[in-house]
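Report on the structure given below.
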Amino acid sequence: MDVRRRYAFLAGAASNWLAFAATLAVSFFLTPHLIADLGKPRYDVWCVVESVLAYFTLLDLGVAVCLVRFVARHRAAADQDGLNRIASASLAVFLVAGLVAMAVGVPVLFALAPTLDGKVEGDGDVLPFMLLMLANLAATLPLGVFPTILDGLEKFTSKSAIRLGSLAVRTAGIVWCLTHTTGLFPLAVVYTATNAAEHLAMALLCRRALPGLRFRRRFADRATLRQVRGGSTDAFLTMLAGRVSVQTGAIVIGLFLPGGQVTFFATAARLVEYAKTLLRTVTGTLTPGVSAMDSRGDHAGIARLYLSATKWVLYLVLPIHLGLLLFGRPFLTRWVGPEFVGGSYPALAILSATLTLGVAQSVSSRFLYGLGRLRMYARLALVDAAVNVALTALLIGPFGVVGVAVAVAAPNVVFCVVVLIHAAKQLGVSGRQYLTACGRPVMLILVPLTIWLTLGEADADWGPIFATGAAGLVPYAVAVAAVEWARRSRQELKHSQDDSRREQRDAQEQGHGAGVRRPVVVGG
């Protein structure tokens with residue numbers, strides 16, 4: 001990877017991470033207020049509806065991932081006509097998906113409304129809330145073509161700026177609703193309005209970045225639609241498996257366990273998913289870059305990038321993983337209340353088993369997406385989801401929330417390990433190379449672990465939690481910087497020595513050639 005592309009990747013990764021980190025921070029600080037102001041029954045409804053609607057995002061059919069890859073390839077080939085065709089075909093699929101979402105979603109929500117309305121003592125705003133959130137999702141499907149094109153163009157910084165602006169307005173609206181209104185429906189209005197404004201801004205940015213972008217009905221011909229379908233089937237199956245693995249637990253708990261249990265499970269699951277997504281947001285920038293490198297035939301560069309990306313995400317995720325385990329109890333006590341320690345911490349500890357492996361696996365999946373090699377990955381994901389559902393049905397009765405957490409975590413750990421092995425083989429990376437890339441992060445994590453175990457559990461207040469955390473993280477960051485600087489210095493010295501030896505060898509060969517006397521030929 002050349003210097004220019006490396007800096008572009010780092011800038012995109014940093015901006016993506018900043019946008020999601022800001023979203024995470026807002027969600028983090030708003031969650032206890034939502035629980036307190038809405039009450040656990042309404043927050044249970046919020047979580048269940050969120051999980052149900054997440055399934056309707058499957059109507060994307062994996063086209064968004066396919067579009068990112070095709071946009072990157074057509075842009076690298078300067079093929080504007082091909083880009084317009086693939087974008088128009090994708091928009092056509094998204095428009096149909098939005099209509100299907102409304103047609104299927106409305107009767108589903110009407111069927112769920114009596115059960116969920118009963119949990120909040122029938123105050124009447126549950127159904128309007130659900131219907132408006134469904135309409136918001138249905139509109140987002142076709143509008144989502146614009147942020148997806150921006151991803152393919154690697155316009156991560158500009159896209160993140162729009163999302164940060166939308167987040168600021170949305171947060172202000174939510175705070176106003178919690179202060180001046182009651183119920184769920186006003187929150188749905190805020191989400192819908194800010195979502196529409198955000199996607200309009202991204203559409204304008206697409207127009208500016210691609211003046212030649214045109215959406216035409218005639219471009220969505222059968223050949224292009226078949227191309228989209230062929231590239232998106234495996235991505236869709238992967239999405240389906242992901243929704244089942246992540247969202248089913250909250251729905252099943254909401255339907256079969258007493259009120260309040262969803263909140264306990266969702267609190268633990270969200271902390272783990274926040275941590276995963278915080279780093280997946282960075283790895284998501286890999287896909288278009290890998291597609292572009294593959295189109296140029298730079299397979300050695302792809303393998304090097306894979307090992308480097310894996311190493312750096314492990315540097316980031318390992319202290320977060322340890323932090324959830326060691327500081328989970330005081331953190332939950334201070335964040336949402338002491339009653340969540342007994343209800344959420346066991347599930348948090350179990351679900352966190354998927355964190356480090358899940359983030360490492362996300363690097364592998366980004367490369368498989370970029371290369372279009374998703375068939376085996378999709379099948380493995382479906383097996384993970386099927387085992388998840390079977391274990392949930394088996395364990396929820398005798399073990400409740402903890403049983404559901406085990407049902408989610410156990411098959412996912414196995415799935416992640418198998419995917420890591422599969423991706424390494426696909427990329428031509430040996431087991432030794434992969435373990436070497438993982439070795440330094442695994443060794444250096446002993447620095448904060450030793451410090452945190454020595455200091456013991458922090459008091460349940462932000463000051464002691466952050467102070468204890470920093471006591472381990474600061475030496476860890478220094479150790480990582482020192483090790484990586486030393487490694488880079490050794491590499492530069494080796495390259496310098498190799499260059500010097502090469503120059504000496506060339507000079508010797510030239511000198512030898514100059515010292516050889518050519519025979520004199522008499523008489524021609």
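Every chain in the structure tokens has a letter given in the order shown (A, B, ...), and although residue numbers restart at 1 in each chain, ligands are simply numbered from 1 in the order shown.
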Using only C-alpha atoms, which residues sit within 12 Å of Ala103 of chain A once same-chain residues fewer than 6 positions away are excluded, as a PyMOL selection string? chain A and resi 56+96-97+109-110+131+134-135+138
Skip Ala201 of chain A itself and residues of its chain fewer than 2 positions away, then list as a ChimeraX atom specification all residues within 10 Å of it, counting only C-alpha atoms. /A:146-147,159,162-163,166,196-199,203-207
Using only C-alpha atoms, which residues sit within 12 Å of Arg366 of chain A once same-chain residues fewer than 6 positions away are excluded, as a VMD selection string? chain A and resid 65 68 to 69 235 280 to 291 302 305 to 306 309 to 310 359 to 360 372 to 374 377 419 to 420 423
Would you mind exporting the chosen residues as a CSV table (one decimal), in the first residue's frame, restricted to N, CA, C and O atoms?
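Written out: selection-v5.csv:
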```csv
chain,number,residue,atom,x,y,z
A,65,VAL,N,-23.7,-4.0,0.4
A,65,VAL,CA,-22.4,-4.5,0.4
A,65,VAL,C,-21.9,-4.7,-1.0
A,65,VAL,O,-20.7,-4.3,-1.4
A,68,VAL,N,-21.0,-1.3,-2.7
A,68,VAL,CA,-19.8,-0.7,-2.3
A,68,VAL,C,-18.6,-1.3,-3.1
A,68,VAL,O,-17.8,-0.6,-3.6
A,69,ARG,N,-18.6,-2.6,-3.3
A,69,ARG,CA,-17.6,-3.3,-4.0
A,69,ARG,C,-17.6,-2.9,-5.5
A,69,ARG,O,-16.5,-2.6,-6.1
A,235,ALA,N,-24.1,-12.1,0.6
A,235,ALA,CA,-24.1,-11.0,1.6
A,235,ALA,C,-25.5,-11.0,2.3
A,235,ALA,O,-25.5,-10.8,3.5
A,280,ARG,N,-15.5,-2.3,14.4
A,280,ARG,CA,-16.0,-2.7,13.1
A,280,ARG,C,-16.1,-1.5,12.2
A,280,ARG,O,-16.0,-1.6,10.9
A,281,THR,N,-16.5,-0.3,12.8
A,281,THR,CA,-16.6,0.9,12.0
A,281,THR,C,-15.3,1.2,11.3
A,281,THR,O,-15.2,1.7,10.2
A,282,VAL,N,-14.2,0.9,12.0
A,282,VAL,CA,-12.8,1.2,11.4
A,282,VAL,C,-12.6,0.1,10.4
A,282,VAL,O,-12.1,0.5,9.3
A,283,THR,N,-12.8,-1.1,10.6
A,283,THR,CA,-12.5,-2.2,9.7
A,283,THR,C,-13.4,-2.1,8.4
A,283,THR,O,-13.1,-2.6,7.4
A,284,GLY,N,-14.6,-1.4,8.6
A,284,GLY,CA,-15.5,-1.3,7.4
A,284,GLY,C,-14.9,-0.5,6.3
A,284,GLY,O,-15.2,-0.7,5.1
A,285,THR,N,-13.9,0.3,6.6
A,285,THR,CA,-13.2,1.1,5.5
A,285,THR,C,-12.3,0.2,4.7
A,285,THR,O,-11.8,0.7,3.7
A,286,LEU,N,-12.1,-1.0,5.1
A,286,LEU,CA,-11.1,-1.9,4.4
A,286,LEU,C,-11.7,-2.4,3.1
A,286,LEU,O,-11.0,-2.6,2.1
A,287,THR,N,-13.1,-2.6,3.0
A,287,THR,CA,-13.7,-3.3,1.9
A,287,THR,C,-13.4,-2.6,0.5
A,287,THR,O,-13.0,-3.3,-0.4
A,288,PRO,N,-13.7,-1.3,0.4
A,288,PRO,CA,-13.5,-0.7,-1.0
A,288,PRO,C,-12.0,-0.7,-1.3
A,288,PRO,O,-11.6,-0.9,-2.5
A,289,GLY,N,-11.1,-0.5,-0.3
A,289,GLY,CA,-9.7,-0.5,-0.6
A,289,GLY,C,-9.2,-1.9,-1.1
A,289,GLY,O,-8.4,-2.0,-2.0
A,290,VAL,N,-9.7,-2.9,-0.4
A,290,VAL,CA,-9.4,-4.3,-0.8
A,290,VAL,C,-9.9,-4.6,-2.2
A,290,VAL,O,-9.2,-5.2,-3.1
A,291,SER,N,-11.1,-4.1,-2.6
A,291,SER,CA,-11.6,-4.3,-3.9
A,291,SER,C,-10.8,-3.7,-5.0
A,291,SER,O,-10.5,-4.2,-6.0
A,302,ILE,N,-2.6,-7.1,-0.3
A,302,ILE,CA,-3.8,-7.5,0.5
A,302,ILE,C,-3.4,-8.3,1.7
A,302,ILE,O,-3.9,-8.1,2.8
A,305,LEU,N,-1.8,-6.1,4.3
A,305,LEU,CA,-2.8,-5.3,4.9
A,305,LEU,C,-3.6,-6.1,5.9
A,305,LEU,O,-4.0,-5.6,7.0
A,306,TYR,N,-3.9,-7.3,5.6
A,306,TYR,CA,-4.7,-8.2,6.5
A,306,TYR,C,-4.0,-8.4,7.8
A,306,TYR,O,-4.6,-8.3,8.9
A,309,ALA,N,-3.9,-5.0,9.7
A,309,ALA,CA,-5.2,-4.6,10.3
A,309,ALA,C,-5.6,-5.5,11.5
A,309,ALA,O,-6.1,-5.0,12.5
A,310,THR,N,-5.3,-6.8,11.4
A,310,THR,CA,-5.6,-7.7,12.5
A,310,THR,C,-4.8,-7.3,13.7
A,310,THR,O,-5.4,-7.3,14.9
A,359,VAL,N,-14.2,-9.2,16.8
A,359,VAL,CA,-13.6,-8.1,16.1
A,359,VAL,C,-12.5,-8.6,15.1
A,359,VAL,O,-12.4,-8.1,14.0
A,360,ALA,N,-11.7,-9.6,15.6
A,360,ALA,CA,-10.7,-10.1,14.6
A,360,ALA,C,-11.4,-10.8,13.4
A,360,ALA,O,-10.9,-10.6,12.3
A,372,GLY,N,-15.1,-10.5,-2.7
A,372,GLY,CA,-16.3,-11.2,-3.3
A,372,GLY,C,-16.3,-12.7,-3.0
A,372,GLY,O,-16.9,-13.5,-3.8
A,373,ARG,N,-15.6,-13.1,-1.9
A,373,ARG,CA,-15.5,-14.6,-1.6
A,373,ARG,C,-16.3,-14.9,-0.3
A,373,ARG,O,-15.8,-15.1,0.7
A,374,LEU,N,-17.6,-14.8,-0.5
A,374,LEU,CA,-18.5,-14.9,0.7
A,374,LEU,C,-19.2,-16.2,0.9
A,374,LEU,O,-19.9,-16.4,1.9
A,377,TYR,N,-18.2,-18.2,4.0
A,377,TYR,CA,-18.5,-17.4,5.1
A,377,TYR,C,-20.0,-17.3,5.4
A,377,TYR,O,-20.4,-17.4,6.6
A,419,VAL,N,-14.0,-19.0,10.8
A,419,VAL,CA,-13.8,-18.0,9.8
A,419,VAL,C,-12.4,-17.5,9.7
A,419,VAL,O,-11.9,-17.2,8.6
A,420,LEU,N,-11.7,-17.3,10.9
A,420,LEU,CA,-10.4,-16.8,10.8
A,420,LEU,C,-9.5,-17.8,10.1
A,420,LEU,O,-8.6,-17.4,9.3
A,423,ALA,N,-10.5,-17.5,6.2
A,423,ALA,CA,-10.0,-16.3,5.6
A,423,ALA,C,-8.5,-16.3,5.4
A,423,ALA,O,-8.0,-15.9,4.3
```
Excluding segment 168-178 of chain A and residues on its chain fewer than 5 positions from it, collect all residues at most 12 Å away from it, counting only C-alpha atoms, and give them as an mmCIF file with N, CA and C atoms, in the first residue's frame.
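The file below, out13.cif, is the result:
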```cif
data_model
loop_
_atom_site.group_PDB
_atom_site.id
_atom_site.type_symbol
_atom_site.label_atom_id
_atom_site.label_comp_id
_atom_site.auth_asym_id
_atom_site.auth_seq_id
_atom_site.Cartn_x
_atom_site.Cartn_y
_atom_site.Cartn_z
ATOM 1 N N ALA A 19 -17.179 9.264 14.185
ATOM 2 C CA ALA A 19 -18.633 9.386 14.060
ATOM 3 C C ALA A 19 -19.343 8.344 14.915
ATOM 4 N N ALA A 22 -18.903 9.042 18.679
ATOM 5 C CA ALA A 22 -19.825 10.084 19.144
ATOM 6 C C ALA A 22 -21.232 9.502 19.321
ATOM 7 N N THR A 23 -21.662 8.660 18.368
ATOM 8 C CA THR A 23 -22.970 8.005 18.486
ATOM 9 C C THR A 23 -23.026 7.126 19.729
ATOM 10 N N LEU A 24 -21.959 6.390 19.956
ATOM 11 C CA LEU A 24 -21.891 5.532 21.133
ATOM 12 C C LEU A 24 -21.947 6.346 22.417
ATOM 13 N N ALA A 25 -21.203 7.463 22.450
ATOM 14 C CA ALA A 25 -21.188 8.300 23.649
ATOM 15 C C ALA A 25 -22.575 8.850 23.947
ATOM 16 N N VAL A 26 -23.272 9.307 22.886
ATOM 17 C CA VAL A 26 -24.627 9.827 23.079
ATOM 18 C C VAL A 26 -25.556 8.726 23.591
ATOM 19 N N SER A 27 -25.494 7.556 22.959
ATOM 20 C CA SER A 27 -26.340 6.443 23.390
ATOM 21 C C SER A 27 -26.020 6.034 24.820
ATOM 22 N N PHE A 28 -24.727 6.048 25.128
ATOM 23 C CA PHE A 28 -24.288 5.673 26.471
ATOM 24 C C PHE A 28 -24.898 6.586 27.537
ATOM 25 N N PHE A 29 -24.812 7.882 27.307
ATOM 26 C CA PHE A 29 -25.304 8.826 28.317
ATOM 27 C C PHE A 29 -26.824 8.969 28.306
ATOM 28 N N LEU A 30 -27.467 8.671 27.151
ATOM 29 C CA LEU A 30 -28.923 8.778 27.102
ATOM 30 C C LEU A 30 -29.624 7.549 27.662
ATOM 31 N N THR A 31 -28.958 6.374 27.601
ATOM 32 C CA THR A 31 -29.620 5.132 28.015
ATOM 33 C C THR A 31 -30.203 5.193 29.422
ATOM 34 N N PRO A 32 -29.441 5.601 30.442
ATOM 35 C CA PRO A 32 -30.058 5.651 31.773
ATOM 36 C C PRO A 32 -31.225 6.626 31.857
ATOM 37 N N HIS A 33 -31.171 7.713 31.081
ATOM 38 C CA HIS A 33 -32.289 8.669 31.080
ATOM 39 C C HIS A 33 -33.510 8.088 30.381
ATOM 40 N N LEU A 34 -33.280 7.345 29.293
ATOM 41 C CA LEU A 34 -34.405 6.691 28.626
ATOM 42 C C LEU A 34 -35.070 5.673 29.544
ATOM 43 N N ILE A 35 -34.253 4.881 30.239
ATOM 44 C CA ILE A 35 -34.813 3.888 31.161
ATOM 45 C C ILE A 35 -35.595 4.569 32.280
ATOM 46 N N ALA A 36 -35.022 5.653 32.828
ATOM 47 C CA ALA A 36 -35.665 6.334 33.948
ATOM 48 C C ALA A 36 -36.914 7.101 33.505
ATOM 49 N N ASP A 37 -36.839 7.839 32.382
ATOM 50 C CA ASP A 37 -37.960 8.690 31.961
ATOM 51 C C ASP A 37 -39.069 7.901 31.279
ATOM 52 N N LEU A 38 -38.696 6.877 30.497
ATOM 53 C CA LEU A 38 -39.724 6.049 29.869
ATOM 54 C C LEU A 38 -40.247 4.992 30.824
ATOM 55 N N GLY A 39 -39.383 4.532 31.744
ATOM 56 C CA GLY A 39 -39.719 3.411 32.615
ATOM 57 C C GLY A 39 -39.343 2.098 31.947
ATOM 58 N N ALA A 161 -18.924 13.571 8.734
ATOM 59 C CA ALA A 161 -19.280 14.934 9.146
ATOM 60 C C ALA A 161 -20.792 15.127 9.110
ATOM 61 N N ILE A 162 -21.443 14.595 8.079
ATOM 62 C CA ILE A 162 -22.906 14.696 7.991
ATOM 63 C C ILE A 162 -23.556 13.939 9.144
ATOM 64 N N ARG A 163 -23.042 12.771 9.432
ATOM 65 C CA ARG A 163 -23.635 11.970 10.511
ATOM 66 C C ARG A 163 -23.458 12.638 11.875
ATOM 67 N N GLY A 183 -44.201 9.319 26.607
ATOM 68 C CA GLY A 183 -44.508 8.312 25.605
ATOM 69 C C GLY A 183 -43.405 8.148 24.578
ATOM 70 N N LEU A 184 -43.665 7.227 23.628
ATOM 71 C CA LEU A 184 -42.674 6.830 22.638
ATOM 72 C C LEU A 184 -42.824 7.552 21.303
ATOM 73 N N PHE A 185 -44.030 7.973 20.955
ATOM 74 C CA PHE A 185 -44.268 8.517 19.623
ATOM 75 C C PHE A 185 -43.437 9.768 19.311
ATOM 76 N N PRO A 186 -43.304 10.732 20.236
ATOM 77 C CA PRO A 186 -42.473 11.903 19.915
ATOM 78 C C PRO A 186 -41.032 11.538 19.567
ATOM 79 N N LEU A 187 -40.502 10.495 20.195
ATOM 80 C CA LEU A 187 -39.142 10.057 19.874
ATOM 81 C C LEU A 187 -39.075 9.538 18.437
ATOM 82 N N ALA A 188 -40.126 8.842 17.997
ATOM 83 C CA ALA A 188 -40.156 8.351 16.618
ATOM 84 C C ALA A 188 -40.170 9.513 15.622
ATOM 85 N N VAL A 189 -40.857 10.587 15.962
ATOM 86 C CA VAL A 189 -40.884 11.775 15.086
ATOM 87 C C VAL A 189 -39.479 12.357 14.940
ATOM 88 N N VAL A 190 -38.753 12.460 16.042
ATOM 89 C CA VAL A 190 -37.386 12.993 16.001
ATOM 90 C C VAL A 190 -36.494 12.110 15.132
ATOM 91 N N TYR A 191 -36.558 10.803 15.340
ATOM 92 C CA TYR A 191 -35.722 9.884 14.558
ATOM 93 C C TYR A 191 -36.036 9.989 13.066
ATOM 94 N N THR A 192 -37.315 10.055 12.716
ATOM 95 C CA THR A 192 -37.706 10.089 11.310
ATOM 96 C C THR A 192 -37.250 11.384 10.634
ATOM 97 N N ALA A 193 -37.462 12.515 11.287
ATOM 98 C CA ALA A 193 -37.101 13.799 10.684
ATOM 99 C C ALA A 193 -35.590 13.930 10.493
ATOM 100 N N THR A 194 -34.817 13.575 11.501
ATOM 101 C CA THR A 194 -33.362 13.713 11.386
ATOM 102 C C THR A 194 -32.777 12.710 10.396
ATOM 103 N N ASN A 195 -33.381 11.527 10.312
ATOM 104 C CA ASN A 195 -32.913 10.532 9.354
ATOM 105 C C ASN A 195 -33.128 11.008 7.924
ATOM 106 N N ALA A 196 -34.298 11.612 7.653
ATOM 107 C CA ALA A 196 -34.582 12.122 6.308
ATOM 108 C C ALA A 196 -33.602 13.235 5.936
ATOM 109 N N ALA A 197 -33.332 14.155 6.871
ATOM 110 C CA ALA A 197 -32.403 15.259 6.596
ATOM 111 C C ALA A 197 -30.988 14.733 6.347
ATOM 112 N N GLU A 198 -30.563 13.737 7.128
ATOM 113 C CA GLU A 198 -29.226 13.163 6.972
ATOM 114 C C GLU A 198 -29.038 12.542 5.591
#
```
Please determine, counting only C-alpha atoms, which residue among A:Tyr315, A:Phe20, A:Trp335, A:Tyr369 has the shortest atom-to-atom distance to Val483 of chain A.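 Residue with the minimum atom-to-atom distance to Val483 of chain A: A:Tyr315.
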Counting only C-alpha atoms, what is within 6 Å of segment 413-418 of chain A, bar same-chain residues fewer than 3 positions away, as a VMD selection string? chain A and resid 354 357 361 410 421
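Taking atom CA of Thr277 of chain A and atom CA of Gly323 of chain A as the two end points, the separation is 16.3 Å.
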Skip Val406 of chain A itself and residues of its chain fewer than 2 positions away, then list as JSON, numbers by chain all residues within 9 Å of it, counting only C-alpha atoms. {"A": [347, 350, 351, 388, 391, 392, 395, 401, 402, 403, 404, 408, 409, 410, 411]}
From the options A:Lys425, A:Arg432, A:His321, A:Arg490, which residue's atoms come nearest to Leu368 of chain A, counting only C-alpha atoms?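 Among A:Lys425, A:Arg432, A:His321, A:Arg490, it is A:Lys425 that comes nearest to Leu368 of chain A.
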What is the distance between atom CA of Gly105 of chain A and atom CA of Leu143 of chain A, in Å to one decimal?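 These atoms are spaced 18.4 Å apart.
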Calculated over only C-alpha atoms, which of the candidates A:Ala266, A:Ala378, A:Leu164, A:Ala292 has the smallest distance to His74 of chain A?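 Looking only at the distances to His74 of chain A, the closest residue turns out to be A:Ala292.
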Nearest to Pro319 of chain A among A:Trp452, A:Phe264, A:Phe331, A:Tyr43, with distances taken over only C-alpha atoms: which residue is it?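 Under the stated criterion, the closest residue is A:Trp452.
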Pick from A:Ile396, A:Leu326, A:Leu314, A:Ala482: nearest to Cys438 of chain A, with only C-alpha atoms counted? A:Leu314
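Taking atom CA of Gly431 of chain A as the reference point, atom CA of Leu382 of chain A is found at 25.2 Å.
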When you look at Arg222 of chain A with a cut-off of 12 Å (counting only C-alpha atoms), what residues show up, excluding the ones that are within fewer than 2 positions of it in the same chain? I need them as a list in words. Arg85, Ile86, Ser88, Ala89, Ala92, Val93, Arg217, Arg218, Phe219, Ala220, Thr224, Leu225, Arg226, Gln227, Val228, Arg229 and Gly230 of chain A
